[in-house]
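J.: To be precise about what I am sending: the file is called input31.txt and holds compact mmCIF, C-alpha atoms and all ligand atoms.
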# COMPACT_ATOMS: atom_id res chain seq x y z
CA MET E 1275 -111.92 81.00 37.75
CA LYS E 1276 -110.73 78.49 40.31
CA HIS E 1277 -110.31 75.93 37.53
CA GLY E 1278 -108.55 78.45 35.27
CA ILE E 1279 -105.92 79.25 37.89
CA ARG E 1280 -105.39 75.60 38.76
CA VAL E 1281 -105.00 74.41 35.20
CA GLY E 1282 -102.84 77.47 34.41
CA VAL E 1283 -100.44 76.63 37.21
CA ILE E 1284 -100.32 72.97 36.23
CA ILE E 1285 -99.60 73.85 32.60
CA ALA E 1286 -96.92 76.39 33.53
CA VAL E 1287 -95.11 73.96 35.82
CA VAL E 1288 -95.39 70.89 33.58
CA SER E 1289 -94.43 72.72 30.38
CA ALA E 1290 -91.44 74.35 32.07
CA ALA E 1291 -90.27 70.91 33.22
CA MET E 1292 -90.93 69.37 29.79
CA ILE E 1293 -89.11 72.18 27.95
CA TYR E 1294 -86.17 71.76 30.30
CA TRP E 1295 -86.14 68.01 29.61
CA MET E 1296 -86.50 68.48 25.83
CA ARG E 1297 -83.49 70.76 25.78
CA THR E 1298 -81.31 68.05 27.29
CA ILE E 1299 -82.13 65.64 24.46
CA PRO E 1300 -79.37 65.52 21.82
CA TRP E 1301 -81.66 65.60 18.78
CA MET E 1302 -78.92 66.51 16.33
CA PRO E 1303 -75.50 65.19 15.31
CA VAL E 1304 -72.46 67.40 15.94
CA GLN E 1305 -72.61 70.96 14.58
CA ALA E 1306 -69.93 70.97 11.89
CA ALA E 1307 -70.82 74.19 10.08
CA GLN E 1308 -71.44 77.75 11.16
CA GLU E 1309 -74.85 77.56 9.47
CA ALA E 1310 -75.85 74.85 11.93
CA ARG E 1311 -75.96 77.28 14.86
CA PRO E 1312 -78.83 79.57 13.81
CA ILE E 1313 -80.69 76.55 12.43
CA ASP E 1314 -80.38 74.63 15.69
CA TRP E 1315 -81.38 77.73 17.62
CA LEU E 1316 -84.53 78.09 15.54
CA PHE E 1317 -85.19 74.36 15.80
CA GLY E 1318 -84.89 74.60 19.60
CA LEU E 1319 -87.35 77.48 19.67
CA HIS E 1320 -89.86 75.41 17.68
CA ILE E 1321 -89.46 72.52 20.08
CA ASP E 1322 -90.13 74.88 23.01
CA VAL E 1323 -93.35 76.13 21.45
CA ILE E 1324 -94.45 72.66 20.37
CA THR E 1325 -93.80 71.31 23.87
CA PHE E 1326 -95.83 74.11 25.39
CA LEU E 1327 -98.73 73.48 22.98
CA TYR E 1328 -98.64 69.77 23.70
CA VAL E 1329 -98.85 70.41 27.45
CA LEU E 1330 -101.52 73.08 26.95
CA VAL E 1331 -103.87 70.84 24.96
CA ASN E 1332 -103.32 67.66 26.91
CA GLY E 1333 -103.16 69.48 30.25
CA ILE E 1334 -106.61 71.04 29.75
CA LEU E 1335 -107.95 67.76 28.43
CA ILE E 1336 -106.72 65.65 31.33
CA TYR E 1337 -107.65 68.29 33.91
CA SER E 1338 -111.17 68.46 32.48
CA ILE E 1339 -111.60 64.69 32.56
CA PHE E 1340 -111.00 64.73 36.30
CA ALA E 1341 -112.48 68.11 37.30
CA PHE E 1342 -115.66 67.85 35.26
CA ARG E 1343 -116.32 64.13 35.42
CA ARG E 1344 -119.85 62.97 36.27
CA LYS E 1345 -120.19 62.76 40.00
CA LYS E 1346 -122.48 60.65 42.17
CA GLY E 1347 -126.06 61.84 41.91
CA GLU E 1348 -125.54 63.43 38.50
CA GLU E 1349 -126.50 60.33 36.55
CA ASN E 1350 -129.39 62.08 34.78
CA ALA E 1351 -127.95 65.60 34.71
CA VAL E 1352 -127.50 67.36 31.37
CA GLY E 1353 -124.54 69.63 30.79
CA ALA E 1354 -124.97 73.34 30.11
CA ASN E 1355 -125.54 74.21 26.46
CA ILE E 1356 -122.75 76.62 25.54
CA HIS E 1357 -122.82 78.31 22.18
CA GLY E 1358 -119.59 80.01 21.15
CA ASN E 1359 -117.21 82.24 23.05
CA THR E 1360 -116.18 85.22 20.97
CA LYS E 1361 -113.30 86.31 23.19
CA LEU E 1362 -111.84 82.82 23.27
CA GLU E 1363 -112.20 82.40 19.53
CA ILE E 1364 -110.48 85.70 18.78
CA ALA E 1365 -107.68 84.78 21.18
CA TRP E 1366 -107.06 81.36 19.69
CA THR E 1367 -106.98 82.83 16.20
CA VAL E 1368 -104.87 85.90 16.85
CA ILE E 1369 -102.27 84.40 19.18
CA PRO E 1370 -101.32 81.50 16.84
CA LEU E 1371 -101.37 83.89 13.87
CA ILE E 1372 -98.89 86.22 15.55
CA THR E 1373 -96.77 83.25 16.64
CA VAL E 1374 -96.64 81.81 13.12
CA LEU E 1375 -95.84 85.21 11.57
CA PHE E 1376 -93.12 85.73 14.15
CA PHE E 1377 -91.58 82.38 13.26
CA ALA E 1378 -91.81 83.22 9.57
CA TYR E 1379 -89.93 86.41 10.34
CA LEU E 1380 -87.24 84.55 12.30
CA GLY E 1381 -87.02 81.94 9.54
CA THR E 1382 -86.47 84.62 6.90
CA ILE E 1383 -83.70 86.20 8.94
CA VAL E 1384 -81.96 82.88 9.47
CA LEU E 1385 -82.34 81.88 5.81
CA ASN E 1386 -80.88 85.20 4.64
CA ASP E 1387 -78.11 84.84 7.13
CA ILE E 1388 -77.05 81.33 6.12
CA SER E 1389 -77.33 81.89 2.37
CA ALA E 1390 -75.40 85.18 2.30
CA ALA E 1391 -72.40 85.32 -0.05
CA ALA E 1392 -68.87 86.01 1.19
CA SER E 1393 -66.15 87.71 -0.84
CA ASP E 1394 -63.54 84.94 -0.45
CA GLU E 1395 -65.77 81.93 -0.83
CA LEU E 1396 -64.47 78.74 -2.38
CA GLU E 1397 -66.35 77.67 -5.49
CA VAL E 1398 -67.19 74.01 -5.97
CA ASN E 1399 -69.44 72.49 -8.61
CA VAL E 1400 -71.40 69.47 -7.48
CA THR E 1401 -72.78 66.92 -9.91
CA ALA E 1402 -75.20 64.26 -8.77
CA ARG E 1403 -76.18 61.21 -10.75
CA GLN E 1404 -77.60 57.78 -10.10
CA TRP E 1405 -75.95 57.01 -7.68
CA SER E 1406 -72.89 59.03 -6.94
CA TRP E 1407 -71.54 62.52 -6.35
CA SER E 1408 -68.64 64.31 -7.99
CA PHE E 1409 -67.03 67.62 -7.23
CA ALA E 1410 -65.14 70.10 -9.40
CA TYR E 1411 -63.06 73.05 -8.24
CA PRO E 1412 -63.21 75.27 -11.35
CA GLU E 1413 -60.71 77.90 -10.15
CA GLU E 1414 -58.18 75.29 -9.10
CA GLY E 1415 -58.81 72.99 -12.07
CA VAL E 1416 -59.36 69.96 -9.87
CA ASN E 1417 -61.92 67.16 -10.07
CA SER E 1418 -62.64 64.79 -7.24
CA THR E 1419 -65.02 62.15 -5.99
CA GLU E 1420 -64.44 63.35 -2.43
CA LEU E 1421 -65.37 66.83 -1.27
CA TYR E 1422 -62.39 68.38 0.49
CA LEU E 1423 -63.12 71.61 2.32
CA PRO E 1424 -60.83 73.88 4.32
CA VAL E 1425 -62.19 74.55 7.81
CA GLY E 1426 -63.53 78.06 8.43
CA ARG E 1427 -63.89 79.15 4.80
CA LYS E 1428 -67.29 79.63 3.23
CA VAL E 1429 -67.87 77.37 0.25
CA LYS E 1430 -70.40 78.00 -2.47
CA LEU E 1431 -71.71 74.77 -3.95
CA THR E 1432 -73.23 75.11 -7.40
CA MET E 1433 -75.14 71.93 -8.04
CA THR E 1434 -76.86 70.10 -10.80
CA SER E 1435 -77.94 66.58 -11.67
CA GLU E 1436 -77.28 64.47 -14.73
CA ASP E 1437 -80.49 62.46 -14.53
CA VAL E 1438 -83.20 62.70 -11.90
CA ILE E 1439 -83.71 64.95 -8.88
CA HIS E 1440 -81.36 64.26 -5.99
CA SER E 1441 -80.76 66.22 -2.82
CA PHE E 1442 -77.48 67.18 -1.20
CA TRP E 1443 -77.74 66.65 2.52
CA VAL E 1444 -75.09 66.57 5.21
CA PRO E 1445 -76.80 66.27 8.60
CA GLU E 1446 -73.78 67.71 10.44
CA PHE E 1447 -74.04 70.89 8.32
CA ARG E 1448 -77.86 70.93 8.71
CA VAL E 1449 -78.45 72.56 5.33
CA LYS E 1450 -79.92 70.69 2.39
CA MET E 1451 -80.51 71.49 -1.27
CA ASP E 1452 -82.03 69.64 -4.23
CA THR E 1453 -79.98 69.00 -7.34
CA VAL E 1454 -82.19 69.25 -10.40
CA PRO E 1455 -81.39 68.23 -13.98
CA GLY E 1456 -81.29 71.20 -16.34
CA ILE E 1457 -80.84 73.91 -13.73
CA THR E 1458 -78.27 74.81 -11.10
CA THR E 1459 -78.99 75.37 -7.45
CA THR E 1460 -76.67 76.85 -4.83
CA LEU E 1461 -75.89 76.09 -1.24
CA ARG E 1462 -73.42 77.77 1.08
CA ILE E 1463 -71.58 76.04 3.90
CA THR E 1464 -68.89 77.26 6.28
CA PRO E 1465 -67.38 74.10 7.81
CA SER E 1466 -66.39 74.72 11.41
CA GLU E 1467 -65.22 71.29 12.61
CA GLU E 1468 -62.49 69.22 11.01
CA GLY E 1469 -63.57 65.66 10.36
CA THR E 1470 -65.05 63.24 7.87
CA TYR E 1471 -68.72 63.47 7.02
CA LYS E 1472 -71.08 61.86 4.56
CA VAL E 1473 -73.24 63.57 2.02
CA ARG E 1474 -76.37 61.53 1.50
CA CYS E 1475 -79.04 61.82 -1.11
CA ALA E 1476 -82.27 63.03 0.48
CA GLU E 1477 -84.53 62.56 -2.53
CA LEU E 1478 -85.66 59.05 -3.40
CA CYS E 1479 -83.91 58.53 -6.73
CA GLY E 1480 -84.03 54.83 -7.61
CA THR E 1481 -82.60 51.44 -6.70
CA ALA E 1482 -79.39 52.51 -4.99
CA HIS E 1483 -80.70 55.75 -3.50
CA ALA E 1484 -79.77 54.68 0.03
CA ALA E 1485 -76.22 53.92 -1.08
CA MET E 1486 -75.74 57.31 -2.73
CA LEU E 1487 -73.13 58.47 -0.25
CA GLY E 1488 -70.17 60.77 -0.82
CA THR E 1489 -67.26 61.50 1.48
CA ILE E 1490 -66.64 65.01 2.77
CA ARG E 1491 -63.34 65.81 4.43
CA VAL E 1492 -63.08 69.04 6.35
CA VAL E 1493 -59.38 69.68 6.84
CA SER E 1494 -57.00 72.48 7.83
CA GLN E 1495 -56.07 75.07 5.21
CA GLU E 1496 -52.56 73.54 4.91
CA GLU E 1497 -53.90 70.05 4.39
CA PHE E 1498 -56.37 71.40 1.85
CA ASP E 1499 -53.60 73.18 -0.09
CA GLN E 1500 -51.52 70.01 -0.08
CA TRP E 1501 -54.42 67.98 -1.36
CA LEU E 1502 -55.08 70.52 -4.11
CA GLN E 1503 -51.43 70.48 -5.14
CA GLY E 1504 -51.41 66.72 -5.32
CA LYS E 1505 -54.53 66.89 -7.49
CA GLN E 1506 -53.23 69.70 -9.65
CA GLN E 1507 -50.81 67.63 -11.74
CA PRO E 1508 -50.64 69.62 -14.95
CA THR E 1509 -51.39 67.55 -18.02
CA SER E 1510 -50.24 69.94 -20.71
CA PRO E 1511 -46.75 71.53 -21.01
CA ASP E 1512 -48.41 74.90 -21.73
CA GLU E 1513 -49.47 75.05 -18.10
CA LEU E 1514 -45.84 75.22 -16.93
CA SER E 1515 -43.21 77.94 -17.21
CA GLU E 1516 -39.89 77.13 -18.89
CA GLU E 1517 -38.12 76.78 -15.50
CA GLU E 1518 -40.83 74.51 -14.15
CA LEU E 1519 -40.63 72.41 -17.29
CA VAL E 1520 -36.82 72.11 -16.98
CA ALA E 1521 -37.13 71.19 -13.29
CA LEU E 1522 -39.75 68.56 -14.12
CA GLY E 1523 -37.49 67.26 -16.92
CA GLU E 1524 -34.59 66.88 -14.52
CA SER E 1525 -36.62 64.88 -12.04
CA THR E 1526 -38.14 62.80 -14.84
CA ALA E 1527 -34.68 62.02 -16.25
CA LYS E 1528 -33.64 60.72 -12.83
CA ALA E 1529 -36.85 58.82 -12.23
CA ALA E 1530 -36.96 57.25 -15.70
CA GLY E 1531 -33.34 56.13 -15.47
CA CYS E 1532 -32.05 58.15 -18.45
CA LEU E 1533 -29.06 59.33 -16.43
CA ALA E 1534 -27.81 55.77 -16.08
CA CYS E 1535 -26.75 55.97 -19.73
CA HIS E 1536 -26.53 59.71 -20.42
CA SER E 1537 -24.26 62.19 -18.66
CA ILE E 1538 -25.17 65.85 -18.36
CA ASP E 1539 -21.64 67.21 -17.96
CA GLY E 1540 -19.96 65.94 -21.13
CA SER E 1541 -18.34 62.91 -19.50
CA PRO E 1542 -18.48 59.68 -21.53
CA SER E 1543 -21.17 57.11 -20.75
CA VAL E 1544 -23.14 54.30 -22.38
CA GLY E 1545 -24.98 56.82 -24.51
CA PRO E 1546 -24.06 60.29 -25.81
CA THR E 1547 -23.84 63.09 -23.26
CA TRP E 1548 -26.72 65.59 -23.17
CA LYS E 1549 -24.39 68.53 -22.64
CA GLY E 1550 -24.47 70.71 -25.74
CA LEU E 1551 -26.65 68.17 -27.53
CA TYR E 1552 -29.46 70.49 -28.49
CA GLY E 1553 -28.84 72.21 -31.82
CA SER E 1554 -25.61 70.31 -32.51
CA GLU E 1555 -24.96 68.29 -35.64
CA ARG E 1556 -25.19 64.53 -35.07
CA GLU E 1557 -23.36 61.98 -37.08
CA LEU E 1558 -25.44 58.86 -37.53
CA ALA E 1559 -24.29 55.25 -37.86
CA ASN E 1560 -25.51 55.20 -41.48
CA GLY E 1561 -23.21 58.12 -42.35
CA ALA E 1562 -25.92 60.79 -42.57
CA THR E 1563 -25.93 63.89 -40.41
CA VAL E 1564 -28.87 65.51 -38.70
CA VAL E 1565 -29.34 68.60 -36.55
CA ALA E 1566 -30.52 67.78 -33.02
CA ASP E 1567 -33.65 69.90 -32.99
CA GLU E 1568 -36.77 69.26 -30.96
CA ASP E 1569 -38.25 66.79 -33.44
CA TYR E 1570 -35.03 64.80 -33.47
CA LEU E 1571 -34.93 64.67 -29.63
CA ARG E 1572 -38.55 63.62 -29.52
CA GLU E 1573 -37.96 60.87 -32.06
CA SER E 1574 -34.79 59.73 -30.24
CA ILE E 1575 -36.77 59.31 -27.03
CA LEU E 1576 -39.95 57.76 -28.41
CA ASP E 1577 -38.45 55.75 -31.27
CA PRO E 1578 -34.73 55.22 -30.54
CA ARG E 1579 -34.42 52.64 -33.33
CA ALA E 1580 -35.23 55.20 -36.00
CA LYS E 1581 -31.77 56.79 -35.93
CA THR E 1582 -28.60 55.60 -34.21
CA VAL E 1583 -25.79 57.92 -33.26
CA ALA E 1584 -22.45 56.88 -34.80
CA GLY E 1585 -20.14 55.13 -32.35
CA PHE E 1586 -22.88 54.04 -29.95
CA PRO E 1587 -24.70 50.72 -29.62
CA ASP E 1588 -28.39 50.79 -30.50
CA ILE E 1589 -29.47 49.72 -27.04
CA MET E 1590 -31.63 52.54 -25.75
CA PRO E 1591 -34.93 51.18 -24.39
CA ASP E 1592 -37.69 51.70 -26.93
CA ASN E 1593 -40.75 51.66 -24.66
CA TYR E 1594 -40.64 55.25 -23.37
CA GLY E 1595 -43.61 56.04 -25.58
CA GLU E 1596 -45.66 53.85 -23.27
CA THR E 1597 -44.22 54.82 -19.90
CA LEU E 1598 -43.77 58.57 -20.33
CA SER E 1599 -46.59 61.06 -20.69
CA GLU E 1600 -46.63 63.79 -23.32
CA LEU E 1601 -45.77 66.20 -20.53
CA ASP E 1602 -42.79 64.08 -19.42
CA VAL E 1603 -41.39 64.05 -22.96
CA ALA E 1604 -41.82 67.81 -23.35
CA ALA E 1605 -40.11 68.32 -19.98
CA LEU E 1606 -37.20 66.00 -20.92
CA ILE E 1607 -36.69 67.93 -24.16
CA ALA E 1608 -36.74 71.23 -22.26
CA TYR E 1609 -34.20 69.82 -19.82
CA ILE E 1610 -31.87 68.61 -22.60
CA ARG E 1611 -32.28 71.98 -24.30
CA SER E 1612 -31.16 73.73 -21.11
CA LEU E 1613 -27.86 71.76 -20.93
CA LYS E 1614 -25.74 74.02 -23.10
CU CU E 1701 -80.07 60.54 -5.38
Could you write out this file's structure as structure tokens?
Ligand SMILES: [Cu+2]
T.:
Amino acid sequence: MKHGIRVGVIIAVVSAAMIYWMRTIPWMPVQAAQEARPIDWLFGLHIDVITFLYVLVNGILIYSIFAFRRKKGEENAVGANIHGNTKLEIAWTVIPLITVLFFAYLGTIVLNDISAAASDELEVNVTARQWSWSFAYPEEGVNSTELYLPVGRKVKLTMTSEDVIHSFWVPEFRVKMDTVPGITTTLRITPSEEGTYKVRCAELCGTAHAAMLGTIRVVSQEEFDQWLQGKQQPTSPDELSEEELVALGESTAKAAGCLACHSIDGSPSVGPTWKGLYGSERELANGATVVADEDYLRESILDPRAKTVAGFPDIMPDNYGETLSELDVAALIAYIRSLK
């Protein structure tokens, strides 16, 4: 009994001190997601229990080495022959069992908590391949090699791999999920700290596995919206309304230098004015006439040598087919059409 009390006190004092010390150690990088909090809490609880067990086992061991060492005059003594201790055996089976079950219970709660869906979550598709990451925002129609996330909003990552198994891991977010070819996996993150982080592959996947890094930028909602807008350049004229198309045509006409030679108010210039051009009858240098419909405007822009308006020099630049996109041309036509 005397030994039990002594070793009990030693273990209580030493493990309290060790647990206190362990808690001051910054094991983890910054917590940059809401999911990191319950995970770190659970991690801390494990460390407490592990520290206690370490002190318990080693405390009893070291105490016994000193307390029960062979003393002078005991050179030929034989220790007592102890066979089993039912109470002790039940205790050291039941207590760890309850502890483990309790941690399983806590783990389930935390896992449910961090993987719960939210109604306004941002959807991002993640594709992993040897040895890079790419991200698609299906609702916004944006693709990116960097993962931009607005701070404070839950994001649902739907992931897959194009080749072998990789694993999406951002230490600052704590959570981790494999990407597997042929199936999709999901991971939810609610970034809570603005900043730049790295996603690293946590599944050995070949030569450049260690270099399989992607950039994650957690930014304010405004910055995120701006980034999306910059990325959301429409590529097809169908994606724009008539007004938007006309506005784009106006800015394109300025940017491409058309207005250096064409007026929009009927005043004379190097080339014919655009005012009232659409639908009008054009007299060509070869004496023919043609109605300025959409096809004619398109041809005049892309292939200005094909037809020349009577009374004007044939000097319009003929490389717009290379410098303007299909959308630019459609927008220019819409703009000319709007100048009645
Ligand atoms: Cu990988």
J.: Around ligand CU 1701 (chain E), at most 9 Å away and counting only C-alpha atoms and all ligand atoms, which residues are there? Put them as an MDAnalysis selection string, please.
T.: chainID E and resid 1402:1407 1435 1438:1442 1453 1474:1480 1482:1487
J.: List the spatial neighbours of Asp1602 in chain E as a PyMOL selection string - criterion: any atom at most 12 Å away, only C-alpha atoms, same-chain residues fewer than 4 positions off excluded.
T.: chain E and resi 1507-1511+1514+1518-1530+1572+1575-1576+1594-1598+1606-1609
J.: What's the 10 Å shell around Arg1311 in chain E, counting only C-alpha atoms, without same-chain residues fewer than 3 positions away, as number ranges by chain?
T.: E: 1305-1308, 1314-1317, 1384, 1388, 1447-1448
J.: When you look at range 1408-1423 of chain E with a cut-off of 7 Å (counting all atoms listed in the file), what residues show up, excluding the ones that are within fewer than 6 positions of it in the same chain? I need them as a PyMOL selection string.
T.: chain E and resi 1397-1402+1488-1493+1498+1505-1506
J.: Please determine an axis-aligned box that encloses all atoms of range 1511-1527 of chain E listed in the file, with 5 Å added on each side, and express its centre and edge lengths in Å to one decimal as JSON.
T.:
{"center_x": -42.0, "center_y": 70.0, "center_z": -16.9, "size_x": 24.9, "size_y": 25.9, "size_z": 19.7}
J.: Which one is closest to Gly1540 in chain E: E:Lys1614, E:Glu1516, E:Pro1578, E:Arg1427? Count all atoms listed in the file.
T.: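 Closest residue, counting all atoms listed in the file: E:Lys1614.
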J.: Can you pull out the residues contacting Pro1587 in chain E? Cut-off 12 Å, using all atoms listed in the file, and skip same-chain residues under 5 positions away; I want them as an NGL selection string.
T.: :E and (1535 or 1543-1546 or 1558-1559 or 1578-1579 or 1581-1582)
J.: Tell me, in Å to one decimal, how far CA of Lys1450 in chain E is from CA of Asp1499 in chain E.
T.: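 Spanning CA of Lys1450 in chain E to CA of Asp1499 in chain E is a straight-line distance of 26.6 Å.
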J.: Please provide as a PDB file with C-alpha atoms, in the coordinates of the input all residues within 7 Å of range 1547-1557 of chain E, with the sequence filter that same-chain residues fewer than 6 positions apart are discarded (counting only C-alpha atoms).
T.:
ATOM      1  CA  HIS E1536     -26.530  59.710 -20.420  1.00  0.00           C
ATOM      2  CA  SER E1537     -24.260  62.190 -18.660  1.00  0.00           C
ATOM      3  CA  ILE E1538     -25.170  65.850 -18.360  1.00  0.00           C
ATOM      4  CA  ASP E1539     -21.640  67.210 -17.960  1.00  0.00           C
ATOM      5  CA  GLY E1540     -19.960  65.940 -21.130  1.00  0.00           C
ATOM      6  CA  SER E1541     -18.340  62.910 -19.500  1.00  0.00           C
ATOM      7  CA  THR E1563     -25.930  63.890 -40.410  1.00  0.00           C
ATOM      8  CA  VAL E1564     -28.870  65.510 -38.700  1.00  0.00           C
ATOM      9  CA  VAL E1565     -29.340  68.600 -36.550  1.00  0.00           C
ATOM     10  CA  ALA E1566     -30.520  67.780 -33.020  1.00  0.00           C
ATOM     11  CA  ASP E1567     -33.650  69.900 -32.990  1.00  0.00           C
ATOM     12  CA  VAL E1583     -25.790  57.920 -33.260  1.00  0.00           C
ATOM     13  CA  ALA E1584     -22.450  56.880 -34.800  1.00  0.00           C
ATOM     14  CA  ILE E1610     -31.870  68.610 -22.600  1.00  0.00           C
ATOM     15  CA  ARG E1611     -32.280  71.980 -24.300  1.00  0.00           C
ATOM     16  CA  LEU E1613     -27.860  71.760 -20.930  1.00  0.00           C
ATOM     17  CA  LYS E1614     -25.740  74.020 -23.100  1.00  0.00           C
TER      18      LYS E1614
END
J.: Using all atoms listed in the file, pick whichever of E:Lys1345, E:Arg1462, E:His1320, E:His1357 has the shortest atom-to-atom distance to Gly1381 in chain E.
T.: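 Closest to Gly1381 in chain E of all the choices is E:His1320.
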